[in-house]
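Everything below belongs to work_11.tsv, which stores TSV, C-alpha atoms.
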chain	number	residue	atom	x	y	z
F	1	ALA	CA	66.86	1.06	-40.44
F	2	SER	CA	64.27	-1.71	-40.84
F	3	ASP	CA	64.77	-3.01	-37.27
F	4	VAL	CA	64.91	-1.60	-33.76
F	5	TYR	CA	67.32	-3.88	-31.97
F	6	LYS	CA	66.99	-5.78	-28.70
F	7	ARG	CA	67.27	-3.36	-25.75
F	8	GLN	CA	68.21	-0.51	-28.10
F	9	PHE	CA	66.49	2.13	-25.94
F	10	TYR	CA	66.24	0.00	-22.79
F	11	TRP	CA	65.97	2.08	-19.60
F	12	SER	CA	66.77	5.26	-21.48
F	13	GLY	CA	65.33	8.75	-21.14
F	14	LEU	CA	63.78	8.55	-24.61
F	15	MET	CA	60.72	10.81	-24.71
F	16	GLY	CA	59.66	10.47	-28.34
F	17	ILE	CA	60.52	8.75	-31.61
F	18	ASP	CA	59.24	8.65	-35.19
F	19	LEU	CA	59.56	5.08	-36.41
F	20	PRO	CA	60.40	4.63	-40.11
F	21	ASN	CA	57.71	3.46	-42.53
F	22	ASN	CA	59.83	0.45	-43.54
F	23	LEU	CA	60.23	-0.85	-39.97
F	24	ILE	CA	59.86	-4.63	-39.83
F	25	GLN	CA	60.89	-5.65	-36.32
F	26	ILE	CA	61.11	-4.20	-32.82
F	27	GLY	CA	63.35	-6.35	-30.66
F	28	GLU	CA	62.91	-7.72	-27.15
F	29	LYS	CA	62.75	-4.97	-24.49
F	30	ALA	CA	63.70	-2.40	-27.12
F	31	PHE	CA	61.71	0.38	-25.44
F	32	GLU	CA	61.39	-1.02	-21.94
F	33	ASN	CA	61.27	1.66	-19.21
F	34	THR	CA	61.60	4.77	-21.35
F	35	LYS	CA	59.79	8.09	-20.99
F	36	LEU	CA	57.64	7.63	-24.09
F	37	GLU	CA	54.16	9.12	-23.81
F	38	SER	CA	52.88	7.84	-27.16
F	39	ILE	CA	53.95	5.55	-29.97
F	40	TYR	CA	52.74	5.18	-33.56
F	41	LEU	CA	53.54	1.80	-35.14
F	42	PRO	CA	53.82	1.68	-38.95
F	43	ASN	CA	51.94	-0.88	-41.04
F	44	SER	CA	55.22	-2.47	-42.18
F	45	LEU	CA	55.83	-3.80	-38.66
F	46	MET	CA	55.65	-7.59	-38.50
F	47	THR	CA	57.29	-8.46	-35.17
F	48	LEU	CA	57.09	-6.96	-31.68
F	49	GLY	CA	59.54	-8.57	-29.27
F	50	ALA	CA	58.73	-9.67	-25.73
F	51	GLY	CA	58.64	-6.71	-23.37
F	52	ALA	CA	59.11	-4.28	-26.26
F	53	PHE	CA	57.18	-1.55	-24.44
F	54	ALA	CA	57.14	-2.99	-20.94
F	55	GLU	CA	57.22	-0.85	-17.79
F	56	ASN	CA	56.61	2.48	-19.52
F	57	SER	CA	55.02	4.54	-16.78
F	58	ASN	CA	54.32	7.50	-19.10
F	59	LEU	CA	52.92	5.59	-22.08
F	60	GLU	CA	49.33	6.70	-22.60
F	61	THR	CA	48.69	6.20	-26.33
F	62	VAL	CA	49.53	3.30	-28.66
F	63	SER	CA	48.39	3.63	-32.28
F	64	PHE	CA	48.71	1.34	-35.27
F	65	ALA	CA	48.76	2.44	-38.90
F	66	LYS	CA	45.98	1.12	-41.11
F	67	GLY	CA	46.86	-2.06	-42.95
F	68	SER	CA	49.08	-3.40	-40.18
F	69	LYS	CA	50.85	-6.73	-40.76
F	70	LEU	CA	51.40	-7.47	-37.07
F	71	SER	CA	50.01	-10.90	-36.15
F	72	THR	CA	51.11	-11.47	-32.54
F	73	ILE	CA	51.15	-9.50	-29.29
F	74	ILE	CA	53.78	-11.51	-27.45
F	75	GLY	CA	53.24	-12.72	-23.90
F	76	GLY	CA	55.57	-13.13	-20.95
F	77	LYS	CA	56.52	-15.65	-18.27
F	78	LEU	CA	54.76	-16.52	-15.03
F	79	ASN	CA	56.56	-15.15	-11.96
F	80	ASN	CA	54.75	-15.85	-8.69
F	81	ASN	CA	51.35	-14.20	-9.18
F	82	SER	CA	52.13	-12.10	-12.25
F	83	ILE	CA	53.20	-12.71	-15.81
F	84	GLU	CA	56.18	-10.50	-16.57
F	85	GLY	CA	57.71	-9.53	-19.89
F	86	GLY	CA	54.65	-9.24	-22.09
F	87	THR	CA	54.79	-6.70	-24.92
F	88	PHE	CA	52.95	-4.00	-22.95
F	89	TYR	CA	53.55	-5.35	-19.45
F	90	LYS	CA	52.97	-2.81	-16.69
F	91	CYS	CA	52.05	0.33	-18.63
F	92	PRO	CA	49.97	1.83	-15.81
F	93	ILE	CA	48.38	4.84	-17.56
F	94	LEU	CA	47.46	3.18	-20.87
F	95	LYS	CA	43.66	3.61	-20.86
F	96	GLU	CA	42.47	2.15	-24.14
F	97	ILE	CA	43.76	0.44	-27.24
F	98	THR	CA	42.44	-0.64	-30.63
F	99	LEU	CA	44.35	-3.58	-32.03
F	100	PRO	CA	44.88	-4.15	-35.77
F	101	ALA	CA	42.74	-6.61	-37.71
F	102	SER	CA	45.91	-8.58	-38.49
F	103	VAL	CA	46.49	-9.61	-34.85
F	104	SER	CA	45.45	-13.24	-34.40
F	105	TYR	CA	47.21	-14.08	-31.13
F	106	ILE	CA	47.47	-12.23	-27.81
F	107	GLY	CA	49.97	-14.00	-25.56
F	108	GLU	CA	50.04	-14.68	-21.84
F	109	GLY	CA	50.20	-11.48	-19.82
F	110	ALA	CA	50.64	-9.29	-22.92
F	111	PHE	CA	48.97	-6.38	-21.10
F	112	PHE	CA	49.41	-7.63	-17.54
F	113	GLY	CA	49.66	-4.79	-15.02
F	114	CYS	CA	48.05	-2.15	-17.26
F	115	SER	CA	45.95	-1.07	-14.32
F	116	SER	CA	44.24	1.89	-16.03
F	117	LEU	CA	43.19	-0.01	-19.15
F	118	ARG	CA	39.44	0.51	-19.59
F	119	LYS	CA	38.66	-0.33	-23.19
F	120	VAL	CA	40.03	-2.89	-25.65
F	121	SER	CA	38.68	-3.03	-29.19
F	122	PHE	CA	39.66	-4.34	-32.61
F	123	GLU	CA	39.57	-3.13	-36.19
F	124	GLU	CA	36.94	-4.47	-38.57
F	125	ASN	CA	37.41	-8.04	-39.85
F	126	SER	CA	39.73	-8.96	-37.00
F	127	MET	CA	41.69	-12.19	-37.32
F	128	LEU	CA	41.91	-12.69	-33.55
F	129	SER	CA	41.61	-16.37	-32.58
F	130	TYR	CA	43.38	-16.80	-29.22
F	131	ILE	CA	43.91	-14.88	-25.96
F	132	GLY	CA	46.37	-16.27	-23.41
F	133	ASP	CA	46.43	-16.52	-19.60
F	134	ARG	CA	46.07	-13.23	-17.70
F	135	ALA	CA	46.50	-11.27	-20.92
F	136	PHE	CA	44.74	-8.27	-19.38
F	137	GLY	CA	45.18	-9.25	-15.75
F	138	ALA	CA	46.72	-7.38	-12.84
F	139	TYR	CA	48.01	-7.97	-9.34
F	140	GLY	CA	44.63	-7.97	-7.66
F	141	ALA	CA	41.13	-6.58	-7.69
F	142	ASN	CA	42.02	-3.92	-5.16
F	143	ASP	CA	44.89	-2.18	-6.97
F	144	GLY	CA	42.73	0.59	-8.43
F	145	ASN	CA	41.37	-1.28	-11.41
F	146	LEU	CA	38.01	-0.35	-12.89
F	147	PRO	CA	36.19	-2.80	-15.16
F	148	ILE	CA	37.45	-3.26	-18.71
F	149	ILE	CA	35.08	-3.08	-21.65
F	150	PHE	CA	36.34	-5.76	-24.02
F	151	ASN	CA	34.75	-5.23	-27.42
F	152	ALA	CA	35.37	-8.22	-29.67
F	153	SER	CA	32.36	-7.44	-31.84
F	154	THR	CA	34.56	-7.58	-34.96
F	155	CYS	CA	36.33	-10.83	-33.98
F	156	SER	CA	34.31	-13.52	-35.76
F	157	LYS	CA	37.28	-15.92	-35.78
F	158	LEU	CA	37.74	-16.03	-32.00
F	159	LEU	CA	38.24	-19.66	-30.97
F	160	SER	CA	39.85	-19.89	-27.55
F	161	LEU	CA	40.20	-17.88	-24.34
F	162	SER	CA	42.56	-19.02	-21.60
F	163	SER	CA	42.48	-18.42	-17.80
F	164	TYR	CA	42.19	-15.34	-15.57
F	165	LEU	CA	41.98	-13.03	-18.57
F	166	PHE	CA	41.03	-9.91	-16.64
F	167	CYS	CA	41.42	-8.40	-13.22
F	168	ARG	CA	37.98	-6.92	-13.73
F	169	VAL	CA	35.72	-6.91	-16.75
F	170	GLY	CA	32.47	-4.99	-17.01
F	171	ALA	CA	31.38	-6.10	-20.46
F	172	PHE	CA	32.57	-8.72	-22.92
F	173	VAL	CA	31.18	-8.31	-26.44
F	174	CYS	CA	31.48	-11.42	-28.62
F	175	CYS	CA	30.20	-11.76	-32.18
F	176	SER	CA	30.94	-15.48	-32.55
F	177	GLU	CA	27.75	-17.45	-33.12
F	178	VAL	CA	29.52	-20.57	-31.83
F	179	PRO	CA	30.85	-19.99	-28.30
F	180	PRO	CA	34.67	-19.92	-28.23
F	181	GLN	CA	36.38	-22.49	-26.04
F	182	ILE	CA	36.83	-21.31	-22.45
F	183	ASN	CA	37.42	-22.99	-19.07
F	184	SER	CA	36.22	-22.61	-15.51
F	185	LYS	CA	38.87	-19.92	-14.84
F	186	THR	CA	38.53	-17.73	-17.94
F	187	PHE	CA	36.38	-15.07	-16.31
F	188	VAL	CA	37.57	-15.63	-12.75
F	189	PHE	CA	39.78	-13.04	-11.06
F	190	LEU	CA	42.30	-13.54	-8.27
F	191	TYR	CA	42.38	-11.54	-5.08
F	192	TYR	CA	43.94	-11.84	-1.65
F	193	ASP	CA	42.16	-12.16	1.66
F	194	SER	CA	44.20	-12.58	4.86
F	195	GLY	CA	47.14	-13.81	2.83
F	196	GLN	CA	45.13	-16.47	1.02
F	197	ARG	CA	44.63	-16.35	-2.73
F	198	GLU	CA	40.95	-16.54	-3.59
F	199	ARG	CA	39.10	-16.89	-6.87
F	200	LYS	CA	35.75	-15.45	-7.80
F	201	LEU	CA	33.70	-15.14	-10.96
F	202	GLN	CA	33.65	-11.60	-12.30
F	203	PRO	CA	30.88	-9.77	-10.41
F	204	GLY	CA	28.35	-7.87	-12.52
F	205	MET	CA	29.92	-8.85	-15.83
F	206	LYS	CA	27.68	-8.51	-18.88
F	207	LEU	CA	28.13	-10.75	-21.90
F	208	TYR	CA	26.81	-9.57	-25.27
F	209	VAL	CA	26.40	-12.18	-28.03
F	210	PRO	CA	24.47	-12.57	-31.32
F	211	ALA	CA	20.73	-12.69	-30.67
F	212	ASN	CA	20.35	-16.00	-32.48
F	213	SER	CA	23.00	-17.54	-30.19
F	214	LEU	CA	21.63	-16.44	-26.81
F	215	GLU	CA	20.37	-19.85	-25.83
F	216	THR	CA	23.53	-21.51	-27.11
F	217	TYR	CA	25.66	-19.40	-24.76
F	218	ARG	CA	23.21	-19.78	-21.90
F	219	ASN	CA	23.61	-23.55	-22.14
F	220	ALA	CA	27.29	-23.79	-23.06
F	221	ASP	CA	29.83	-25.08	-20.54
F	222	TYR	CA	31.27	-22.26	-18.40
F	223	TRP	CA	29.57	-19.53	-20.45
F	224	LYS	CA	26.31	-20.37	-18.71
F	225	GLU	CA	27.86	-19.37	-15.37
F	226	ILE	CA	27.83	-15.72	-16.46
F	227	GLY	CA	24.69	-14.26	-14.94
F	228	ILE	CA	23.92	-11.57	-17.50
F	229	ILE	CA	23.88	-12.62	-21.17
F	230	LEU	CA	22.32	-10.14	-23.57
F	231	PRO	CA	21.85	-9.71	-27.34
F	232	ILE	CA	24.72	-7.81	-28.94
F	233	GLU	CA	22.24	-5.27	-30.30
F	234	GLU	CA	21.75	-3.98	-26.76
F	235	TYR	CA	25.42	-3.10	-26.34
F	236	LYS	CA	25.97	0.67	-26.32
Go ahead and express the file in the form of C-alpha cells.
Amino acid sequence: ASDVYKRQFYWSGLMGIDLPNNLIQIGEKAFENTKLESIYLPNSLMTLGAGAFAENSNLETVSFAKGSKLSTIIGGKLNNNSIEGGTFYKCPILKEITLPASVSYIGEGAFFGCSSLRKVSFEENSMLSYIGDRAFGAYGANDGNLPIIFNASTCSKLLSLSSYLFCRVGAFVCCSEVPPQINSKTFVFLYYDSGQRERKLQPGMKLYVPANSLETYRNADYWKEIGIILPIEEYK
C-alpha cells in the first residue's frame, strides 16, 4: 500500500513495522500512542499527517532514508499552555533527530513535549526556511528538560523563527549570513512561579554564526539580546 491511513494503528499495541519503499502518505494520528521503539521513513514519503507519531512513550529513534521528499513536519493546535497534535507531539524519550534536507517547514508544536530531546540537526543543503511557535517547547523549564543543541549549520535558507521555540536551548548554530526574522519571544521560555506564568530569555544560551556576520547579529533586533554570540568556527 502507498498510504498508511488516518488512525490506522491508533492506540494499538504495535511494536514494530517495516514501511514499504513506495509509501507516499502517513495519515493523521496513524501511529499515535503505539508501542513503537523506532521508525524508519522511506524516501518516497511526501506527507506526514498531524499527530502521526504523537504520544509514543517508547519511541526513541526516528530515521529518514537518504533522498527524502518530505517537506513539512506538521504542527498542532494551541490548548491552554501546550500545542497538541504535532507530528511528534509528546514523545518523551526521543533524544535526537536529524531532519531531511527536503524539510522546509516545521509547524507549531511539531515536537512539543519531547522532554528528552537534546540534539536537532539537519542534512546537508537543508531547505529549512520556517520554524513555528513552540516547535520544540515543553510544559515548563522544570519538567526535567536539559538544554537542546540546535544545529542549523546546514540551513542557509532559514528565514523566520516564531515564538517560544524551546523550553531550554544551550546552543543555536546558524549559518545564515543575514539574520533570520525573529521576535522578542523567539528565545524566551515560559515557566510557572506561584501560579503565575513568567517569561525569561534563555539563560546561558550560546549563538554561533558566520564570523563575517558577528557584528550584524550583535546589532540586529532581538538577536542582540543574546549575551553570547560566537563565530561558527568555535562550535564543537
Top pick for closest residue to Ala152 in chain F, considering F:Lys200, F:Arg7, F:Lys119, F:Arg218 and counting only C-alpha atoms: F:Lys119
Straight-line distance linking CA of Lys29 in chain F with CA of Lys90 in chain F, stated in Å to one decimal: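 Spanning CA of Lys29 in chain F to CA of Lys90 in chain F is a straight-line distance of 12.7 Å.
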Distance query 7 Å from (55.4, 5.4, -15.3) using all atoms listed in the file, result as a list in words: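 Residues with an atom close enough to that point: Glu55, Asn56, Ser57, Asn58, Cys91 and Pro92 of chain F.
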Exercise: range 220-226 of chain F partners within 12 Å, all atoms listed in the file, chain neighbours under 5 positions left out, as a PyMOL selection string: chain F and resi 161+163+169-172+174+177-188+200-209+213-215
Interatomic distance (Å, one decimal) between CA of Glu60 in chain F and CA of Ser129 in chain F: 26.3 Å
Minimum-distance residue to Ala135 in chain F, chosen among F:Ser68, F:Ser153, F:Ser116, F:Thr87 (using all atoms listed in the file):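 Closest to Ala135 in chain F, using all atoms listed in the file: F:Thr87.
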Shell around range 31-44 of chain F at 8 Å using all atoms listed in the file, local window under 4 positions removed, as a VMD selection string: chain F and resid 7 to 24 51 to 70
Since the input has fewer atoms than a full residue there, write range 42-53 of chain F out with all heavy atoms, as a PDB file, in the frame of the given file.
ATOM      1  N   PRO F  42      54.117   1.705 -37.518  1.00  0.00           N
ATOM      2  CA  PRO F  42      53.820   1.680 -38.950  1.00  0.00           C
ATOM      3  C   PRO F  42      53.249   0.343 -39.415  1.00  0.00           C
ATOM      4  O   PRO F  42      53.427  -0.687 -38.747  1.00  0.00           O
ATOM      5  CB  PRO F  42      55.183   1.957 -39.593  1.00  0.00           C
ATOM      6  CG  PRO F  42      56.176   1.461 -38.596  1.00  0.00           C
ATOM      7  CD  PRO F  42      55.564   1.740 -37.251  1.00  0.00           C
ATOM      8  N   ASN F  43      52.590   0.354 -40.570  1.00  0.00           N
ATOM      9  CA  ASN F  43      51.940  -0.880 -41.040  1.00  0.00           C
ATOM     10  C   ASN F  43      52.929  -1.897 -41.598  1.00  0.00           C
ATOM     11  O   ASN F  43      52.549  -3.034 -41.886  1.00  0.00           O
ATOM     12  CB  ASN F  43      50.847  -0.572 -42.061  1.00  0.00           C
ATOM     13  CG  ASN F  43      51.353   0.155 -43.288  1.00  0.00           C
ATOM     14  OD1 ASN F  43      52.555   0.203 -43.553  1.00  0.00           O
ATOM     15  ND2 ASN F  43      50.435   0.756 -44.030  1.00  0.00           N
ATOM     16  N   SER F  44      54.188  -1.524 -41.737  1.00  0.00           N
ATOM     17  CA  SER F  44      55.220  -2.470 -42.180  1.00  0.00           C
ATOM     18  C   SER F  44      55.655  -3.408 -41.061  1.00  0.00           C
ATOM     19  O   SER F  44      56.243  -4.465 -41.320  1.00  0.00           O
ATOM     20  CB  SER F  44      56.440  -1.710 -42.707  1.00  0.00           C
ATOM     21  OG  SER F  44      56.948  -0.853 -41.685  1.00  0.00           O
ATOM     22  N   LEU F  45      55.362  -3.035 -39.818  1.00  0.00           N
ATOM     23  CA  LEU F  45      55.830  -3.800 -38.660  1.00  0.00           C
ATOM     24  C   LEU F  45      55.225  -5.195 -38.626  1.00  0.00           C
ATOM     25  O   LEU F  45      54.014  -5.357 -38.667  1.00  0.00           O
ATOM     26  CB  LEU F  45      55.486  -3.060 -37.372  1.00  0.00           C
ATOM     27  CG  LEU F  45      55.971  -3.682 -36.063  1.00  0.00           C
ATOM     28  CD1 LEU F  45      57.490  -3.662 -35.982  1.00  0.00           C
ATOM     29  CD2 LEU F  45      55.375  -2.954 -34.865  1.00  0.00           C
ATOM     30  N   MET F  46      56.100  -6.199 -38.527  1.00  0.00           N
ATOM     31  CA  MET F  46      55.650  -7.590 -38.500  1.00  0.00           C
ATOM     32  C   MET F  46      55.913  -8.273 -37.164  1.00  0.00           C
ATOM     33  O   MET F  46      55.228  -9.227 -36.805  1.00  0.00           O
ATOM     34  CB  MET F  46      56.323  -8.372 -39.628  1.00  0.00           C
ATOM     35  CG  MET F  46      56.014  -7.833 -41.011  1.00  0.00           C
ATOM     36  SD  MET F  46      56.799  -8.757 -42.345  1.00  0.00           S
ATOM     37  CE  MET F  46      55.829 -10.259 -42.314  1.00  0.00           C
ATOM     38  N   THR F  47      56.901  -7.793 -36.406  1.00  0.00           N
ATOM     39  CA  THR F  47      57.290  -8.460 -35.170  1.00  0.00           C
ATOM     40  C   THR F  47      57.519  -7.459 -34.054  1.00  0.00           C
ATOM     41  O   THR F  47      58.266  -6.490 -34.216  1.00  0.00           O
ATOM     42  CB  THR F  47      58.586  -9.281 -35.368  1.00  0.00           C
ATOM     43  OG1 THR F  47      58.407 -10.215 -36.433  1.00  0.00           O
ATOM     44  CG2 THR F  47      58.936 -10.043 -34.090  1.00  0.00           C
ATOM     45  N   LEU F  48      56.863  -7.718 -32.912  1.00  0.00           N
ATOM     46  CA  LEU F  48      57.090  -6.960 -31.680  1.00  0.00           C
ATOM     47  C   LEU F  48      57.681  -7.919 -30.662  1.00  0.00           C
ATOM     48  O   LEU F  48      57.039  -8.897 -30.291  1.00  0.00           O
ATOM     49  CB  LEU F  48      55.762  -6.409 -31.141  1.00  0.00           C
ATOM     50  CG  LEU F  48      55.339  -4.987 -31.475  1.00  0.00           C
ATOM     51  CD1 LEU F  48      53.975  -4.693 -30.877  1.00  0.00           C
ATOM     52  CD2 LEU F  48      56.362  -3.987 -30.981  1.00  0.00           C
ATOM     53  N   GLY F  49      58.885  -7.659 -30.196  1.00  0.00           N
ATOM     54  CA  GLY F  49      59.540  -8.570 -29.270  1.00  0.00           C
ATOM     55  C   GLY F  49      58.921  -8.555 -27.878  1.00  0.00           C
ATOM     56  O   GLY F  49      58.191  -7.631 -27.493  1.00  0.00           O
ATOM     57  N   ALA F  50      59.215  -9.580 -27.106  1.00  0.00           N
ATOM     58  CA  ALA F  50      58.730  -9.670 -25.730  1.00  0.00           C
ATOM     59  C   ALA F  50      59.200  -8.464 -24.928  1.00  0.00           C
ATOM     60  O   ALA F  50      60.367  -8.068 -25.002  1.00  0.00           O
ATOM     61  CB  ALA F  50      59.240 -10.953 -25.080  1.00  0.00           C
ATOM     62  N   GLY F  51      58.284  -7.846 -24.206  1.00  0.00           N
ATOM     63  CA  GLY F  51      58.640  -6.710 -23.370  1.00  0.00           C
ATOM     64  C   GLY F  51      59.038  -5.468 -24.145  1.00  0.00           C
ATOM     65  O   GLY F  51      59.660  -4.563 -23.583  1.00  0.00           O
ATOM     66  N   ALA F  52      58.661  -5.384 -25.416  1.00  0.00           N
ATOM     67  CA  ALA F  52      59.110  -4.280 -26.260  1.00  0.00           C
ATOM     68  C   ALA F  52      58.771  -2.917 -25.666  1.00  0.00           C
ATOM     69  O   ALA F  52      59.560  -1.971 -25.754  1.00  0.00           O
ATOM     70  CB  ALA F  52      58.507  -4.414 -27.663  1.00  0.00           C
ATOM     71  N   PHE F  53      57.595  -2.812 -25.053  1.00  0.00           N
ATOM     72  CA  PHE F  53      57.180  -1.550 -24.440  1.00  0.00           C
ATOM     73  C   PHE F  53      56.829  -1.727 -22.962  1.00  0.00           C
ATOM     74  O   PHE F  53      56.025  -0.978 -22.416  1.00  0.00           O
ATOM     75  CB  PHE F  53      55.988  -0.961 -25.201  1.00  0.00           C
ATOM     76  CG  PHE F  53      56.319  -0.516 -26.597  1.00  0.00           C
ATOM     77  CD1 PHE F  53      56.068  -1.349 -27.681  1.00  0.00           C
ATOM     78  CD2 PHE F  53      56.913   0.716 -26.824  1.00  0.00           C
ATOM     79  CE1 PHE F  53      56.393  -0.950 -28.967  1.00  0.00           C
ATOM     80  CE2 PHE F  53      57.244   1.122 -28.109  1.00  0.00           C
ATOM     81  CZ  PHE F  53      56.992   0.291 -29.182  1.00  0.00           C
TER      82      PHE F  53
END
